[in-house]
Amino acid sequence: MPVFDRLYLNTNIATMAKGQADYGTIFGGAIGVKEGRLAYVGTTAGLPGKVLTSPTIDCCGRWALPGFIDCHTHLVFGGNRAREFNMRLNGASYEEIAQSGGGIISTVTDTRTATLEDLTASATKRLSRLAADGVTTVEIKSGYGLTLKDEEKMLRAAKAAAAHVGVNVQTSFLGAHALPPEYAQDADGYIAHICQTMLPTLARMGLVDAVDAFCEGIGFSHAQTERVFKTAQKLNLPVKLHAEQLSDLSGAALAAQYKALSADHLEYVNAEGVQAMAKAGTVAVLLPGAFYTLSETKRPPVEMLRSAGVDMALATDINPGSSPVQSLQLMLHMGCTFFGLTPEEALAGITRNAAKALGLSDRGTLERGKRADIIFFDITDPAELAYWVGGQPPTDIVIAPL
Ligand code: DI6
Ligand code: FE
């Protein structure tokens with residue numbers, strides 16, 4: 001019996017392990033994989049005896065990193081919003097477009113019309129692009145169906161697309177994304193329907209790993225968000241929140257109060273929100289693609305988050321309106337240039353901290369016992385991945401059996 005199913009030799013390993021400087025790098029290292037898990041990550045000299053019976057792969061000095069994790073996406077949707085992009089270029093704001101019936105609701109119409117097969121096919125294309133860039137785990141939200149049947153269709157499409165592409169998926173229920181036309185003027189009625197019917201039913205179907213909401217002037221109020229969180233809590237599902245993207249409704253503090261895995265966007269978060277997140281261990285998911293696309297000028301308070309000890313993640317937020325972004329690697333660059341992250345913080349943001357934002361403790365670093373999700377790059381330093389403006393795909397991608 002070989003010691004390892006596969007042994008990677010001659011690789012510089014950016015382990016991204018917590019509390020270690022310089023990406024936790026092991027130069028000239030070796031990685032042993034056994035049954036889809038990392039059985040050895042260390043120096044070549046430290047390898048146990050008899051390993052030579054294992055099938056070996058010479059990595060020729062390439063760098064190994066943990067598979068990237070995109071922890072916030074709206075990857076499943078019908079149609080696209082290229083026309084709206086043009087309206088925004090001509091001066092209309094995101095909120096104005098939403099209020100005039102465009103925005104999220106126009107994607108809701110296209111998503112409702114699409115079949116499960118249509119949604120799966122278009123999501124598969126986009127997910128393949130993310131995967132080619134090194135993404136091995138992706139979070140996908142519902143939120144463009146807004147009826148029980150259409151939310152179910154979206155969540156099934158998310159799972160089907162991930163299975164086609166061969167990456168891991170975590171699904172989040174985002175029924176509280178926008179007010180569907182059937183409930184115009186009755187947001188409380190819609191929230192009641194979510195809490196009494198939609199969420200419990202979808203959870204019973206095993207389609208929900210976490211519960212999200214859009215707490216915003218053009219979304220749902222603090223009180224409505226809290227009702228959704230209470231229902232999630234009863235169902236034993238973790239929560240997360242679109243908080244403080246366009247204004248400050250104290251969503252981050254609410255999320256922290258419910259021990260949210262993450263609070264996302266956070267351009268307008270205040271000091272109390274940051275402190276509450278630090279105390280609760282809630283990850284700050286920063287979304288530079290949406291910041292860029294909406295020509296936002298207010299940045300999330302990175303220095304405040306950093307000094308409070310809040311873990312920061314980065315994600316694409318891929319969606320047809322505010323973030324038509326199909327490269328997580330590009331977010332490394334934007335996280336540094338727009339938000340002032342260091343390349344190391346940016347990389348932690350799509351590995352270790354992104355795993356934490358999904359509540360997944362079995363991935364996000366290259367350490368013994370973790371899943372063998374490994375991506376290899378032909379680079380001279382991990383900072384290169386943030387330095388290039390995208391376009392530095394991995395040379396090899398290893399994903400543990402799903
Ligand atoms: N915030 C966002 O950035 C996306 N959803 C949300 O709550 C935008 C979704 C869209 O415009 O389609
Ligand atoms: Fe989002």
# chains A, B, ... in the order shown; residues from 1 in each chain; ligands from 1
call {"tool": "residues_near_ligand", "arguments": {"ligand": "ligand 1", "cutoff": "6 Å", "atoms": "only C-alpha atoms and all ligand atoms", "output": "list in words"}}
result
Gly103, Ile104, His177, Phe214, His242, Ala290, Asn319, Pro320, Gly321 and Ser322 of chain A
call {"tool": "residues_near_ligand", "arguments": {"ligand": "ligand 2", "cutoff": "7 Å", "atoms": "only C-alpha atoms and all ligand atoms", "output": "PyMOL selection string"}}
result
chain A and resi 72-74+242+317
call {"tool": "closest_atom_pairs", "arguments": {"of": "stretch 317-343 of chain A", "to": "stretch 293-304 of chain A", "cutoff": "9 Å", "atoms": "only C-alpha atoms", "output": "Markdown table"}}
result
| residue | atom | partner | partner_atom | distance |
| --- | --- | --- | --- | --- |
| A:Gly321 | CA | A:Thr293 | CA | 8.6 |
| A:Ser322 | CA | A:Thr293 | CA | 5.9 |
| A:Ser323 | CA | A:Thr293 | CA | 6.0 |
| A:Pro324 | CA | A:Thr293 | CA | 8.0 |
| A:Phe338 | CA | A:Arg299 | CA | 7.7 |
| A:Phe339 | CA | A:Arg299 | CA | 6.5 |
| A:Gly340 | CA | A:Val302 | CA | 7.2 |
| A:Leu341 | CA | A:Val302 | CA | 7.5 |
call {"tool": "write_last_selection", "arguments": {"atoms": "N, CA and C atoms", "output": "short mmCIF file (atom, residue, chain, number, x, y, z; two decimals), in the first residue's frame"}}
result
data_model
loop_
_atom_site.label_atom_id
_atom_site.label_comp_id
_atom_site.auth_asym_id
_atom_site.auth_seq_id
_atom_site.Cartn_x
_atom_site.Cartn_y
_atom_site.Cartn_z
N GLY A 321 -26.63 42.74 -12.28
CA GLY A 321 -26.83 44.17 -12.12
C GLY A 321 -25.60 44.89 -11.62
N SER A 322 -25.25 44.63 -10.37
CA SER A 322 -24.21 45.46 -9.76
C SER A 322 -22.81 44.87 -9.85
N SER A 323 -22.69 43.62 -10.35
CA SER A 323 -21.34 43.05 -10.39
C SER A 323 -21.21 41.93 -11.43
N PRO A 324 -21.21 42.31 -12.71
CA PRO A 324 -21.06 41.29 -13.74
C PRO A 324 -19.59 40.85 -13.84
N PHE A 338 -8.52 49.20 -4.70
CA PHE A 338 -9.66 50.04 -4.26
C PHE A 338 -9.77 50.12 -2.73
N PHE A 339 -9.53 48.98 -2.05
CA PHE A 339 -9.83 48.94 -0.62
C PHE A 339 -8.58 48.96 0.27
N GLY A 340 -7.41 48.87 -0.34
CA GLY A 340 -6.19 48.97 0.47
C GLY A 340 -5.82 47.70 1.20
N LEU A 341 -6.31 46.54 0.74
CA LEU A 341 -5.84 45.30 1.34
C LEU A 341 -4.41 45.03 0.88
#
call {"tool": "closest_residue", "arguments": {"among": "A:Gly359, A:Phe68, A:Ala123, A:Arg306", "to": "A:Leu332", "atoms": "only C-alpha atoms"}}
result
A:Phe68
call {"tool": "closest_residue", "arguments": {"among": "A:Gly219, A:Gly91, A:Gly369, A:Gly24", "to": "A:Ile191", "atoms": "only C-alpha atoms"}}
result
A:Gly219
call {"tool": "select_by_dssp", "arguments": {"residues": "stretch 61-242 of chain A", "states": "helix (DSSP H, G or I)", "output": "PyMOL selection string"}}
result
chain A and resi 82-89+94-99+104-113+116-132+148-165+181-183+187-204+222-234
call {"tool": "atom_distance", "arguments": {"atom1": "atom CA of A:Val269", "atom2": "atom CA of A:Thr282"}}
result
13.4 Å
call {"tool": "select_by_dssp", "arguments": {"residues": "stretch 162-242 of chain A", "states": "strand (DSSP E)", "output": "list in words"}}
result
Asn168, Val169, Gln170, Thr171, Ser172, Phe173, Leu174, Gly175, Ala176, Ala210, Val211, Asp212, Ala213, Phe214, Cys215, Lys240, Leu241 and His242 of chain A
